[in-house]
$ cat run_34.csv   # CSV, C-alpha atoms
chain,number,residue,atom,x,y,z
A,1,MET,CA,11.6,-97.0,2.5
A,2,THR,CA,13.2,-96.7,5.9
A,3,GLU,CA,16.1,-94.5,4.9
A,4,LYS,CA,17.2,-91.9,7.4
A,5,THR,CA,16.6,-88.3,6.0
A,6,ALA,CA,18.1,-85.1,7.4
A,7,LEU,CA,15.6,-82.3,7.9
A,8,THR,CA,17.1,-78.9,7.3
A,9,PRO,CA,14.6,-76.0,7.2
A,10,ALA,CA,15.6,-73.1,4.9
A,11,GLY,CA,16.9,-70.3,7.0
A,12,HIS,CA,18.0,-72.4,10.0
A,13,THR,CA,21.4,-71.7,11.3
A,14,ALA,CA,24.0,-74.4,10.6
A,15,PRO,CA,24.3,-76.9,13.5
A,16,PRO,CA,27.5,-76.2,15.5
A,17,ALA,CA,28.6,-79.8,15.1
A,18,ARG,CA,27.9,-83.0,13.1
A,19,PHE,CA,24.2,-83.3,13.9
A,20,SER,CA,21.0,-82.7,12.1
A,21,HIS,CA,18.3,-80.3,13.1
A,22,GLY,CA,16.0,-83.2,12.6
A,23,VAL,CA,15.9,-86.7,11.1
A,24,ARG,CA,13.1,-88.9,9.8
A,25,LYS,CA,13.2,-92.6,9.3
A,26,GLY,CA,10.1,-94.5,8.5
A,27,ASN,CA,7.3,-92.9,10.6
A,28,ILE,CA,9.6,-91.6,13.3
A,29,LEU,CA,10.7,-88.0,13.3
A,30,GLN,CA,13.1,-86.6,15.8
A,31,VAL,CA,13.7,-82.8,16.2
A,32,ALA,CA,17.0,-81.8,17.7
A,33,GLY,CA,17.1,-79.3,20.5
A,34,GLN,CA,16.1,-75.9,19.1
A,35,VAL,CA,16.7,-72.6,20.7
A,36,GLY,CA,15.4,-69.1,19.9
A,37,PHE,CA,17.8,-68.3,17.1
A,38,LEU,CA,16.5,-66.1,14.3
A,39,PRO,CA,17.0,-67.2,10.7
A,40,ALA,CA,20.6,-67.3,9.8
A,41,ALA,CA,22.2,-64.2,8.4
A,42,GLU,CA,25.3,-64.8,6.3
A,43,GLY,CA,28.5,-64.0,8.0
A,44,GLU,CA,26.9,-63.4,11.4
A,45,ALA,CA,26.8,-65.6,14.5
A,46,PRO,CA,23.5,-67.1,15.5
A,47,THR,CA,21.4,-64.5,17.2
A,48,PRO,CA,18.5,-65.1,19.6
A,49,ALA,CA,15.1,-63.5,18.7
A,50,GLY,CA,15.5,-61.3,21.8
A,51,PRO,CA,16.4,-61.4,25.5
A,52,THR,CA,13.0,-62.2,26.8
A,53,LEU,CA,11.4,-65.6,27.6
A,54,ARG,CA,8.5,-64.7,25.3
A,55,GLU,CA,10.6,-63.9,22.3
A,56,GLN,CA,12.8,-66.9,22.7
A,57,THR,CA,10.0,-69.4,23.4
A,58,LEU,CA,8.0,-68.3,20.3
A,59,GLN,CA,11.1,-68.4,18.1
A,60,THR,CA,12.0,-71.8,19.5
A,61,LEU,CA,8.6,-73.2,18.9
A,62,ALA,CA,8.7,-71.8,15.4
A,63,ASN,CA,12.1,-73.4,14.8
A,64,VAL,CA,10.8,-76.8,16.0
A,65,GLU,CA,7.7,-76.4,13.8
A,66,ALA,CA,9.9,-75.7,10.8
A,67,VAL,CA,11.7,-79.0,11.3
A,68,LEU,CA,8.5,-80.9,11.6
A,69,THR,CA,7.2,-79.3,8.4
A,70,ALA,CA,10.4,-80.2,6.6
A,71,GLY,CA,9.8,-83.8,7.6
A,72,GLY,CA,6.1,-83.8,6.5
A,73,ALA,CA,4.8,-83.7,10.1
A,74,SER,CA,2.8,-81.3,12.1
A,75,TRP,CA,2.3,-80.7,15.9
A,76,ASP,CA,-0.6,-83.1,15.7
A,77,ASP,CA,1.9,-85.9,15.1
A,78,VAL,CA,4.2,-84.9,18.1
A,79,MET,CA,4.3,-87.4,20.9
A,80,MET,CA,6.8,-85.8,23.2
A,81,ILE,CA,8.1,-82.3,23.8
A,82,ARG,CA,11.0,-81.7,26.1
A,83,VAL,CA,11.3,-78.2,27.4
A,84,TYR,CA,14.5,-77.1,29.0
A,85,LEU,CA,14.3,-73.9,31.1
A,86,THR,CA,17.0,-72.2,33.1
A,87,ASP,CA,14.8,-70.8,35.9
A,88,THR,CA,11.8,-72.3,37.7
A,89,ALA,CA,10.4,-68.8,37.9
A,90,HIS,CA,9.8,-69.0,34.1
A,91,PHE,CA,7.4,-72.0,34.3
A,92,ALA,CA,4.1,-70.1,34.5
A,93,GLU,CA,4.9,-67.6,31.7
A,94,MET,CA,6.3,-70.3,29.5
A,95,ASN,CA,3.0,-72.3,30.0
A,96,GLU,CA,0.9,-69.2,29.0
A,97,ILE,CA,2.9,-68.8,25.8
A,98,TYR,CA,2.8,-72.5,25.1
A,99,ASP,CA,-0.9,-72.8,25.6
A,100,ALA,CA,-1.6,-69.9,23.2
A,101,TYR,CA,0.8,-71.4,20.6
A,102,PHE,CA,-1.0,-74.8,20.8
A,103,ALA,CA,-4.6,-73.4,20.8
A,104,ASP,CA,-5.4,-74.9,17.5
A,105,LEU,CA,-4.3,-78.5,17.9
A,106,THR,CA,-6.8,-81.0,16.6
A,107,ALA,CA,-5.1,-84.1,18.0
A,108,PRO,CA,-4.4,-84.6,21.7
A,109,PRO,CA,-1.5,-82.5,22.9
A,110,ALA,CA,1.9,-84.2,23.1
A,111,ALA,CA,3.3,-85.5,26.4
A,112,ARG,CA,5.9,-83.1,27.9
A,113,THR,CA,8.7,-83.0,30.4
A,114,THR,CA,10.0,-79.7,31.7
A,115,VAL,CA,13.3,-79.6,33.6
A,116,TYR,CA,15.6,-76.8,34.7
A,117,VAL,CA,19.2,-76.9,33.3
A,118,GLY,CA,22.1,-74.8,32.3
A,119,LEU,CA,22.1,-73.4,28.8
A,120,PRO,CA,24.7,-71.2,27.0
A,121,ALA,CA,24.7,-67.6,28.1
A,122,GLY,CA,21.8,-65.6,26.9
A,123,LEU,CA,19.5,-68.6,26.1
A,124,LEU,CA,16.5,-69.1,28.4
A,125,VAL,CA,14.8,-72.0,26.7
A,126,GLU,CA,15.5,-75.1,24.5
A,127,ILE,CA,13.0,-77.5,23.1
A,128,ASP,CA,13.1,-80.8,21.3
A,129,ALA,CA,10.4,-83.1,20.0
A,130,MET,CA,9.6,-86.6,18.8
A,131,ALA,CA,6.8,-87.3,16.4
A,132,VAL,CA,5.2,-90.5,15.1
A,133,LEU,CA,3.6,-90.0,11.7
A,134,ASP,CA,0.6,-91.9,10.5
B,135,MET,CA,-5.3,-97.4,13.5
B,136,THR,CA,-2.4,-95.0,14.2
B,137,GLU,CA,-4.5,-92.3,15.7
B,138,LYS,CA,-2.9,-90.4,18.6
B,139,THR,CA,-4.7,-91.0,21.9
B,140,ALA,CA,-4.3,-89.0,25.1
B,141,LEU,CA,-3.8,-91.1,28.2
B,142,THR,CA,-5.4,-89.6,31.3
B,143,PRO,CA,-5.5,-91.8,34.4
B,144,ALA,CA,-8.4,-91.2,36.7
B,145,GLY,CA,-7.3,-89.2,39.7
B,146,HIS,CA,-4.3,-87.6,38.0
B,147,THR,CA,-4.0,-83.8,38.5
B,148,ALA,CA,-4.7,-81.7,35.5
B,149,PRO,CA,-1.6,-80.9,33.5
B,150,PRO,CA,-0.6,-77.3,34.1
B,151,ALA,CA,-0.5,-76.6,30.4
B,152,ARG,CA,-1.7,-78.0,27.0
B,153,PHE,CA,0.0,-81.3,27.3
B,154,SER,CA,-1.1,-84.8,28.0
B,155,HIS,CA,0.1,-87.1,30.8
B,156,GLY,CA,0.7,-89.6,28.1
B,157,VAL,CA,0.0,-90.3,24.5
B,158,ARG,CA,-0.2,-93.5,22.4
B,159,LYS,CA,0.0,-93.8,18.7
B,160,GLY,CA,0.3,-97.2,17.1
B,161,ASN,CA,2.7,-99.2,19.2
B,162,ILE,CA,4.6,-96.2,20.7
B,163,LEU,CA,3.6,-94.9,24.1
B,164,GLN,CA,5.1,-91.8,25.7
B,165,VAL,CA,4.6,-90.9,29.3
B,166,ALA,CA,5.0,-87.2,30.2
B,167,GLY,CA,7.3,-86.2,33.1
B,168,GLN,CA,5.5,-87.4,36.3
B,169,VAL,CA,6.2,-86.1,39.8
B,170,GLY,CA,5.1,-87.3,43.2
B,171,PHE,CA,1.7,-85.7,43.3
B,172,LEU,CA,-1.0,-87.4,45.1
B,173,PRO,CA,-4.3,-88.0,43.4
B,174,ALA,CA,-6.1,-84.7,42.6
B,175,ALA,CA,-8.4,-83.3,45.3
B,176,GLU,CA,-11.0,-80.9,44.0
B,177,GLY,CA,-10.2,-77.3,44.7
B,178,GLU,CA,-6.8,-78.0,46.0
B,179,ALA,CA,-3.4,-77.4,44.5
B,180,PRO,CA,-1.4,-80.5,43.5
B,181,THR,CA,0.3,-81.9,46.6
B,182,PRO,CA,3.4,-84.1,46.8
B,183,ALA,CA,3.0,-87.5,48.5
B,184,GLY,CA,5.5,-86.2,51.1
B,185,PRO,CA,8.7,-84.4,51.6
B,186,THR,CA,11.0,-87.4,51.4
B,187,LEU,CA,12.7,-88.9,48.4
B,188,ARG,CA,11.1,-92.3,49.2
B,189,GLU,CA,7.5,-91.0,49.3
B,190,GLN,CA,8.0,-89.0,46.1
B,191,THR,CA,9.8,-91.7,44.2
B,192,LEU,CA,7.1,-94.3,44.9
B,193,GLN,CA,4.3,-91.9,44.1
B,194,THR,CA,6.1,-90.8,40.9
B,195,LEU,CA,6.6,-94.4,39.8
B,196,ALA,CA,2.9,-95.2,40.6
B,197,ASN,CA,1.9,-92.1,38.5
B,198,VAL,CA,4.0,-93.3,35.5
B,199,GLU,CA,2.5,-96.8,35.9
B,200,ALA,CA,-1.0,-95.4,35.8
B,201,VAL,CA,-0.3,-93.7,32.5
B,202,LEU,CA,1.2,-96.9,31.1
B,203,THR,CA,-1.9,-98.9,32.3
B,204,ALA,CA,-4.2,-96.3,30.7
B,205,GLY,CA,-2.5,-96.9,27.4
B,206,GLY,CA,-2.6,-100.7,27.6
B,207,ALA,CA,1.1,-101.1,28.5
B,208,SER,CA,3.1,-102.3,31.4
B,209,TRP,CA,6.6,-101.8,32.7
B,210,ASP,CA,7.6,-104.8,30.7
B,211,ASP,CA,7.0,-102.7,27.5
B,212,VAL,CA,9.1,-99.7,28.7
B,213,MET,CA,12.2,-99.1,26.7
B,214,MET,CA,13.5,-96.0,28.4
B,215,ILE,CA,13.1,-94.4,31.8
B,216,ARG,CA,14.4,-90.9,32.4
B,217,VAL,CA,15.0,-90.0,36.0
B,218,TYR,CA,15.6,-86.4,37.0
B,219,LEU,CA,16.9,-85.9,40.5
B,220,THR,CA,17.9,-82.7,42.2
B,221,ASP,CA,20.9,-84.0,44.3
B,222,THR,CA,23.6,-86.5,43.4
B,223,ALA,CA,23.4,-87.6,47.1
B,224,HIS,CA,20.0,-89.1,46.3
B,225,PHE,CA,21.3,-91.6,43.8
B,226,ALA,CA,21.9,-94.6,46.0
B,227,GLU,CA,18.6,-94.3,47.9
B,228,MET,CA,16.6,-93.8,44.7
B,229,ASN,CA,18.2,-96.9,43.2
B,230,GLU,CA,17.2,-99.0,46.3
B,231,ILE,CA,13.6,-97.8,45.9
B,232,TYR,CA,13.7,-98.3,42.2
B,233,ASP,CA,15.1,-101.9,42.4
B,234,ALA,CA,12.5,-102.9,44.9
B,235,TYR,CA,9.7,-101.4,42.7
B,236,PHE,CA,10.9,-103.3,39.7
B,237,ALA,CA,11.6,-106.6,41.5
B,238,ASP,CA,8.8,-108.4,39.5
B,239,LEU,CA,9.7,-107.5,35.9
B,240,THR,CA,9.5,-110.4,33.5
B,241,ALA,CA,11.0,-108.6,30.5
B,242,PRO,CA,14.5,-107.1,30.6
B,243,PRO,CA,14.6,-103.8,32.5
B,244,ALA,CA,14.3,-100.6,30.5
B,245,ALA,CA,17.3,-98.5,29.7
B,246,ARG,CA,17.7,-95.5,31.9
B,247,THR,CA,19.3,-92.1,32.1
B,248,THR,CA,19.7,-90.2,35.4
B,249,VAL,CA,20.7,-86.6,35.5
B,250,TYR,CA,20.6,-83.9,38.1
B,251,VAL,CA,18.5,-80.8,37.3
B,252,GLY,CA,16.5,-78.1,39.0
B,253,LEU,CA,12.8,-78.9,39.8
B,254,PRO,CA,10.1,-76.7,41.2
B,255,ALA,CA,10.4,-76.1,45.0
B,256,GLY,CA,9.6,-79.2,47.1
B,257,LEU,CA,10.0,-81.7,44.3
B,258,LEU,CA,12.9,-84.1,44.5
B,259,VAL,CA,12.3,-86.4,41.5
B,260,GLU,CA,10.6,-86.4,38.1
B,261,ILE,CA,10.4,-89.5,35.8
B,262,ASP,CA,9.2,-90.0,32.2
B,263,ALA,CA,9.1,-93.1,30.1
B,264,MET,CA,8.8,-94.4,26.6
B,265,ALA,CA,7.3,-97.8,25.8
B,266,VAL,CA,7.0,-99.9,22.7
B,267,LEU,CA,4.1,-102.2,22.7
B,268,ASP,CA,4.0,-105.6,21.1
C,269,MET,CA,9.2,-110.9,16.8
C,270,THR,CA,8.8,-107.8,18.9
C,271,GLU,CA,10.3,-109.2,22.1
C,272,LYS,CA,12.3,-106.8,24.2
C,273,THR,CA,16.0,-107.8,24.4
C,274,ALA,CA,18.6,-106.4,26.8
C,275,LEU,CA,21.8,-105.3,25.3
C,276,THR,CA,24.8,-106.0,27.5
C,277,PRO,CA,28.2,-105.4,25.8
C,278,ALA,CA,31.0,-107.6,27.1
C,279,GLY,CA,33.2,-105.5,29.5
C,280,HIS,CA,30.5,-103.0,30.4
C,281,THR,CA,30.3,-102.3,34.1
C,282,ALA,CA,27.1,-103.7,35.8
C,283,PRO,CA,24.4,-101.1,35.9
C,284,PRO,CA,24.0,-99.7,39.4
C,285,ALA,CA,20.3,-100.5,39.5
C,286,ARG,CA,17.7,-102.6,37.7
C,287,PHE,CA,18.1,-101.1,34.3
C,288,SER,CA,19.7,-102.3,31.0
C,289,HIS,CA,22.6,-100.6,29.2
C,290,GLY,CA,20.3,-100.8,26.2
C,291,VAL,CA,17.2,-102.5,24.9
C,292,ARG,CA,15.9,-103.4,21.5
C,293,LYS,CA,12.3,-104.2,20.6
C,294,GLY,CA,11.4,-104.5,17.0
C,295,ASN,CA,13.3,-101.8,15.1
C,296,ILE,CA,13.6,-99.5,18.1
C,297,LEU,CA,16.9,-99.5,20.1
C,298,GLN,CA,17.4,-97.4,23.1
C,299,VAL,CA,20.8,-96.9,24.7
C,300,ALA,CA,20.9,-96.0,28.4
C,301,GLY,CA,22.9,-93.0,29.6
C,302,GLN,CA,26.6,-93.9,29.2
C,303,VAL,CA,29.5,-92.3,30.9
C,304,GLY,CA,33.2,-92.6,30.4
C,305,PHE,CA,33.8,-95.7,32.5
C,306,LEU,CA,36.6,-98.0,31.4
C,307,PRO,CA,35.7,-101.7,30.9
C,308,ALA,CA,34.8,-103.3,34.2
C,309,ALA,CA,37.7,-104.8,36.3
C,310,GLU,CA,36.6,-107.5,38.7
C,311,GLY,CA,36.4,-106.3,42.3
C,312,GLU,CA,37.0,-102.7,41.4
C,313,ALA,CA,34.5,-99.8,41.3
C,314,PRO,CA,33.8,-98.3,37.9
C,315,THR,CA,36.6,-96.0,36.9
C,316,PRO,CA,36.4,-93.1,34.3
C,317,ALA,CA,38.9,-93.3,31.4
C,318,GLY,CA,40.5,-90.1,32.8
C,319,PRO,CA,39.8,-86.8,34.3
C,320,THR,CA,39.6,-84.8,31.0
C,321,LEU,CA,36.6,-84.1,28.8
C,322,ARG,CA,38.5,-85.7,25.9
C,323,GLU,CA,39.1,-89.0,27.6
C,324,GLN,CA,35.6,-89.2,29.0
C,325,THR,CA,33.9,-88.2,25.8
C,326,LEU,CA,35.7,-90.7,23.7
C,327,GLN,CA,35.1,-93.5,26.2
C,328,THR,CA,31.5,-92.5,26.5
C,329,LEU,CA,31.0,-92.6,22.7
C,330,ALA,CA,32.7,-95.9,22.6
C,331,ASN,CA,30.4,-97.2,25.3
C,332,VAL,CA,27.3,-96.0,23.4
C,333,GLU,CA,28.7,-97.6,20.3
C,334,ALA,CA,29.2,-100.9,22.0
C,335,VAL,CA,25.6,-101.0,23.0
C,336,LEU,CA,24.5,-100.2,19.5
C,337,THR,CA,26.7,-102.9,18.1
C,338,ALA,CA,25.3,-105.4,20.7
C,339,GLY,CA,21.8,-104.6,19.3
C,340,GLY,CA,22.8,-105.0,15.6
C,341,ALA,CA,22.8,-101.2,15.0
C,342,SER,CA,25.4,-98.6,14.0
C,343,TRP,CA,25.6,-94.9,14.4
C,344,ASP,CA,24.0,-94.6,11.0
C,345,ASP,CA,20.8,-95.9,12.5
C,346,VAL,CA,20.8,-93.4,15.4
C,347,MET,CA,18.1,-90.8,15.3
C,348,MET,CA,18.8,-88.9,18.5
C,349,ILE,CA,21.8,-88.3,20.7
C,350,ARG,CA,21.4,-86.6,24.1
C,351,VAL,CA,24.6,-85.1,25.4
C,352,TYR,CA,24.7,-84.0,29.1
C,353,LEU,CA,27.6,-81.8,30.0
C,354,THR,CA,28.3,-80.2,33.3
C,355,ASP,CA,29.8,-76.9,32.1
C,356,THR,CA,28.9,-74.7,29.1
C,357,ALA,CA,32.6,-74.0,28.7
C,358,HIS,CA,33.0,-77.6,27.5
C,359,PHE,CA,30.7,-77.2,24.5
C,360,ALA,CA,33.3,-76.2,21.9
C,361,GLU,CA,35.8,-78.9,22.8
C,362,MET,CA,33.1,-81.6,23.0
C,363,ASN,CA,32.0,-80.6,19.5
C,364,GLU,CA,35.5,-81.0,18.1
C,365,ILE,CA,35.8,-84.4,19.6
C,366,TYR,CA,32.3,-85.3,18.5
C,367,ASP,CA,32.9,-84.2,14.9
C,368,ALA,CA,36.1,-86.2,14.6
C,369,TYR,CA,34.4,-89.2,16.1
C,370,PHE,CA,31.6,-89.0,13.5
C,371,ALA,CA,33.7,-88.2,10.5
C,372,ASP,CA,32.8,-91.4,8.8
C,373,LEU,CA,29.0,-91.4,9.0
C,374,THR,CA,27.4,-92.5,5.7
C,375,ALA,CA,23.8,-91.6,6.8
C,376,PRO,CA,22.8,-88.1,7.9
C,377,PRO,CA,23.9,-87.3,11.4
C,378,ALA,CA,21.5,-87.9,14.3
C,379,ALA,CA,19.6,-85.1,15.8
C,380,ARG,CA,21.1,-83.9,19.1
C,381,THR,CA,20.2,-82.0,22.2
C,382,THR,CA,22.9,-80.8,24.6
C,383,VAL,CA,22.1,-79.5,28.0
C,384,TYR,CA,24.1,-78.7,31.2
C,385,VAL,CA,23.2,-80.7,34.3
C,386,GLY,CA,24.7,-82.1,37.4
C,387,LEU,CA,26.5,-85.4,37.2
C,388,PRO,CA,28.2,-87.6,39.9
C,389,ALA,CA,31.5,-86.2,41.1
C,390,GLY,CA,34.3,-86.7,38.6
C,391,LEU,CA,32.0,-87.2,35.6
C,392,LEU,CA,32.0,-84.5,32.9
C,393,VAL,CA,29.8,-86.0,30.2
C,394,GLU,CA,26.9,-88.5,29.8
C,395,ILE,CA,25.4,-89.5,26.5
C,396,ASP,CA,22.4,-91.6,25.5
C,397,ALA,CA,20.9,-92.5,22.1
C,398,MET,CA,17.9,-93.8,20.3
C,399,ALA,CA,18.1,-95.7,17.1
C,400,VAL,CA,15.6,-96.9,14.5
C,401,LEU,CA,16.8,-99.8,12.5
C,402,ASP,CA,15.9,-100.6,9.0
$ encode --input "run_34.csv" --output "structure tokens"
Amino acid sequence: MTEKTALTPAGHTAPPARFSHGVRKGNILQVAGQVGFLPAAEGEAPTPAGPTLREQTLQTLANVEAVLTAGGASWDDVMMIRVYLTDTAHFAEMNEIYDAYFADLTAPPAARTTVYVGLPAGLLVEIDAMAVLD
Amino acid sequence: MTEKTALTPAGHTAPPARFSHGVRKGNILQVAGQVGFLPAAEGEAPTPAGPTLREQTLQTLANVEAVLTAGGASWDDVMMIRVYLTDTAHFAEMNEIYDAYFADLTAPPAARTTVYVGLPAGLLVEIDAMAVLD
Amino acid sequence: MTEKTALTPAGHTAPPARFSHGVRKGNILQVAGQVGFLPAAEGEAPTPAGPTLREQTLQTLANVEAVLTAGGASWDDVMMIRVYLTDTAHFAEMNEIYDAYFADLTAPPAARTTVYVGLPAGLLVEIDAMAVLD
């Protein structure tokens, strides 16, 4: 009933260590930090959707969404979204992309925290999320 | 019963994107990252309480508290506080301010993580919190 | 029944401010950011287990585990692990240490987010965790 279940969307790259892309236990669902990697291609290293903030943000959000879906949740269930950017100059553009992506929410938008950190070379954005299901 | 509710304290500045200052669903309450902005003044950009760590930390904590209150919670319900500072040299002073602010807790203090990140120009501290209500 | 309880492992250094190393309320357990400090020695400042990433990561994970244990939880209950490193060059080595540490999990591994931040001088890693108990 309250067993912990790993959430592994088809196509997601394998995590680089012993963690899950997401887990659900009871009505709590936690999505691991997602970046803008394209679906995994066998024998190839994980590849970002592109060099731009737009490409990476859209792919990252799609990757988070895939984990939510795998756990039976939607963005409407999400309580908290953590956005990690590498450059404060990206805030306005990320918000535009974010707002368009979330235009169709029916529940109140999640809370959010955005901070500026270091990320591996080539990555401009990382996002994780926590959902509480009905 | 477990509907997600947005928490919007009177006077809070409008979030710069499609997120809520806080959400509550069932007994879980998540406060978005708050900074030291003064209450919103119509037609003016959000303005920090002042340039100092003390002014901003006190205002930030008050802003978090307003979200908790809007959701029917208090600091006694808070499980986790995330403190984002921009300078390790601010740690000791922030702790002094923090301890004074929390002098009247009746439940055990929340857990806390403090890390040092980049924040938009002029902001020295950002804080978010997660509460579990009775 | 849903009282908030502070979790204070024997030997842990005193928190530098009014926060708890961990708290549990109902089935939610939150571990505060742990670093690689050795067990407290009376009259001495907190001391890292050593200067290396390996020493600090192992001690940090042991410190997180002690808080989980104090709250009646184990790694199998952990939903989310947040890893804060100071240098992207440390990612691969941290993952090796992490995987070996978690070789014996029986439940799916927790979700995880790793970002690169500033930490107080001499500290290379900080980790916090959130668990949902049965």
$ residues_near_point --input "run_34.csv" --point "(20.5, -84.9, 32.2)" --cutoff "8 Å" --atoms "all atoms listed in the file" --output "list in words"
Tyr218, Thr247, Thr248, Val249, Tyr250 and Val251 of chain B; Val351, Tyr352, Val383, Tyr384, Val385, Gly386, Leu387 and Glu394 of chain C
$ calpha_fit_and_write --input "run_34.csv" --fixed "chain C" --moving "chain B" --output "short mmCIF file (atom, residue, chain, number, x, y, z; two decimals) with C-alpha atoms, keeping the file's coordinate frame"
data_model
loop_
_atom_site.label_atom_id
_atom_site.label_comp_id
_atom_site.auth_asym_id
_atom_site.auth_seq_id
_atom_site.Cartn_x
_atom_site.Cartn_y
_atom_site.Cartn_z
CA MET B 135 9.34 -110.91 16.81
CA THR B 136 8.86 -107.77 18.94
CA GLU B 137 10.27 -109.22 22.08
CA LYS B 138 12.29 -106.81 24.24
CA THR B 139 15.98 -107.74 24.41
CA ALA B 140 18.55 -106.40 26.86
CA LEU B 141 21.78 -105.28 25.26
CA THR B 142 24.83 -105.92 27.44
CA PRO B 143 28.22 -105.39 25.81
CA ALA B 144 30.99 -107.55 27.12
CA GLY B 145 33.20 -105.59 29.45
CA HIS B 146 30.57 -103.01 30.39
CA THR B 147 30.25 -102.33 34.16
CA ALA B 148 27.16 -103.62 35.79
CA PRO B 149 24.36 -101.08 35.88
CA PRO B 150 24.01 -99.71 39.39
CA ALA B 151 20.33 -100.51 39.45
CA ARG B 152 17.64 -102.63 37.65
CA PHE B 153 18.15 -101.15 34.27
CA SER B 154 19.75 -102.28 31.09
CA HIS B 155 22.57 -100.57 29.16
CA GLY B 156 20.33 -100.86 26.20
CA VAL B 157 17.20 -102.50 24.99
CA ARG B 158 15.86 -103.45 21.53
CA LYS B 159 12.35 -104.22 20.59
CA GLY B 160 11.40 -104.58 16.96
CA ASN B 161 13.21 -101.87 15.08
CA ILE B 162 13.61 -99.45 18.04
CA LEU B 163 16.84 -99.45 20.00
CA GLN B 164 17.42 -97.38 23.13
CA VAL B 165 20.79 -96.88 24.67
CA ALA B 166 20.85 -96.01 28.40
CA GLY B 167 22.88 -92.98 29.60
CA GLN B 168 26.58 -93.98 29.16
CA VAL B 169 29.50 -92.32 30.94
CA GLY B 170 33.23 -92.60 30.46
CA PHE B 171 33.83 -95.74 32.44
CA LEU B 172 36.51 -98.01 31.39
CA PRO B 173 35.79 -101.67 30.90
CA ALA B 174 34.82 -103.37 34.21
CA ALA B 175 37.67 -104.80 36.29
CA GLU B 176 36.60 -107.47 38.73
CA GLY B 177 36.39 -106.27 42.28
CA GLU B 178 36.95 -102.71 41.41
CA ALA B 179 34.60 -99.77 41.36
CA PRO B 180 33.76 -98.31 37.92
CA THR B 181 36.58 -95.98 36.87
CA PRO B 182 36.45 -93.10 34.39
CA ALA B 183 38.81 -93.29 31.40
CA GLY B 184 40.45 -90.13 32.81
CA PRO B 185 39.82 -86.79 34.29
CA THR B 186 39.65 -84.83 31.05
CA LEU B 187 36.68 -84.06 28.88
CA ARG B 188 38.47 -85.64 25.87
CA GLU B 189 39.17 -89.00 27.58
CA GLN B 190 35.62 -89.19 28.95
CA THR B 191 33.90 -88.13 25.78
CA LEU B 192 35.71 -90.74 23.66
CA GLN B 193 35.15 -93.47 26.20
CA THR B 194 31.47 -92.47 26.53
CA LEU B 195 30.99 -92.52 22.77
CA ALA B 196 32.78 -95.95 22.55
CA ASN B 197 30.43 -97.23 25.35
CA VAL B 198 27.30 -96.05 23.43
CA GLU B 199 28.71 -97.64 20.24
CA ALA B 200 29.17 -100.94 22.00
CA VAL B 201 25.54 -100.99 23.03
CA LEU B 202 24.46 -100.13 19.49
CA THR B 203 26.72 -102.95 18.09
CA ALA B 204 25.25 -105.39 20.64
CA GLY B 205 21.82 -104.64 19.30
CA GLY B 206 22.76 -104.95 15.63
CA ALA B 207 22.81 -101.18 14.96
CA SER B 208 25.33 -98.60 14.03
CA TRP B 209 25.64 -94.86 14.34
CA ASP B 210 24.07 -94.61 10.95
CA ASP B 211 20.76 -95.86 12.54
CA VAL B 212 20.83 -93.32 15.43
CA MET B 213 18.08 -90.79 15.33
CA MET B 214 18.79 -88.89 18.50
CA ILE B 215 21.82 -88.29 20.68
CA ARG B 216 21.42 -86.64 24.05
CA VAL B 217 24.53 -85.08 25.47
CA TYR B 218 24.66 -83.99 29.09
CA LEU B 219 27.58 -81.81 30.01
CA THR B 220 28.36 -80.19 33.31
CA ASP B 221 29.89 -76.85 32.05
CA THR B 222 28.87 -74.65 29.13
CA ALA B 223 32.65 -73.98 28.70
CA HIS B 224 32.98 -77.57 27.49
CA PHE B 225 30.77 -77.13 24.47
CA ALA B 226 33.29 -76.20 21.84
CA GLU B 227 35.83 -78.88 22.83
CA MET B 228 33.16 -81.59 23.02
CA ASN B 229 31.95 -80.65 19.54
CA GLU B 230 35.54 -80.97 18.12
CA ILE B 231 35.78 -84.46 19.65
CA TYR B 232 32.33 -85.34 18.53
CA ASP B 233 32.87 -84.19 14.87
CA ALA B 234 36.06 -86.14 14.61
CA TYR B 235 34.35 -89.29 16.04
CA PHE B 236 31.57 -89.03 13.54
CA ALA B 237 33.75 -88.13 10.53
CA ASP B 238 32.85 -91.47 8.76
CA LEU B 239 29.03 -91.45 8.93
CA THR B 240 27.35 -92.46 5.71
CA ALA B 241 23.79 -91.65 6.80
CA PRO B 242 22.77 -88.15 7.88
CA PRO B 243 23.93 -87.33 11.42
CA ALA B 244 21.48 -87.91 14.25
CA ALA B 245 19.61 -85.07 15.82
CA ARG B 246 21.03 -83.91 19.08
CA THR B 247 20.20 -82.08 22.26
CA THR B 248 22.88 -80.72 24.63
CA VAL B 249 22.05 -79.47 28.05
CA TYR B 250 24.04 -78.71 31.14
CA VAL B 251 23.18 -80.72 34.29
CA GLY B 252 24.76 -82.03 37.45
CA LEU B 253 26.56 -85.45 37.23
CA PRO B 254 28.11 -87.54 39.93
CA ALA B 255 31.55 -86.24 41.11
CA GLY B 256 34.33 -86.70 38.52
CA LEU B 257 32.04 -87.20 35.56
CA LEU B 258 32.00 -84.52 32.91
CA VAL B 259 29.73 -86.03 30.22
CA GLU B 260 26.89 -88.53 29.85
CA ILE B 261 25.34 -89.53 26.46
CA ASP B 262 22.29 -91.64 25.50
CA ALA B 263 20.91 -92.49 22.13
CA MET B 264 17.89 -93.77 20.31
CA ALA B 265 18.14 -95.66 17.02
CA VAL B 266 15.65 -96.88 14.48
CA LEU B 267 16.78 -99.84 12.56
CA ASP B 268 15.93 -100.59 8.98
#
$ atom_distance --input "run_34.csv" --atom1 "CA of Leu53 in chain A" --atom2 "CA of Gly156 in chain B"
26.3 Å
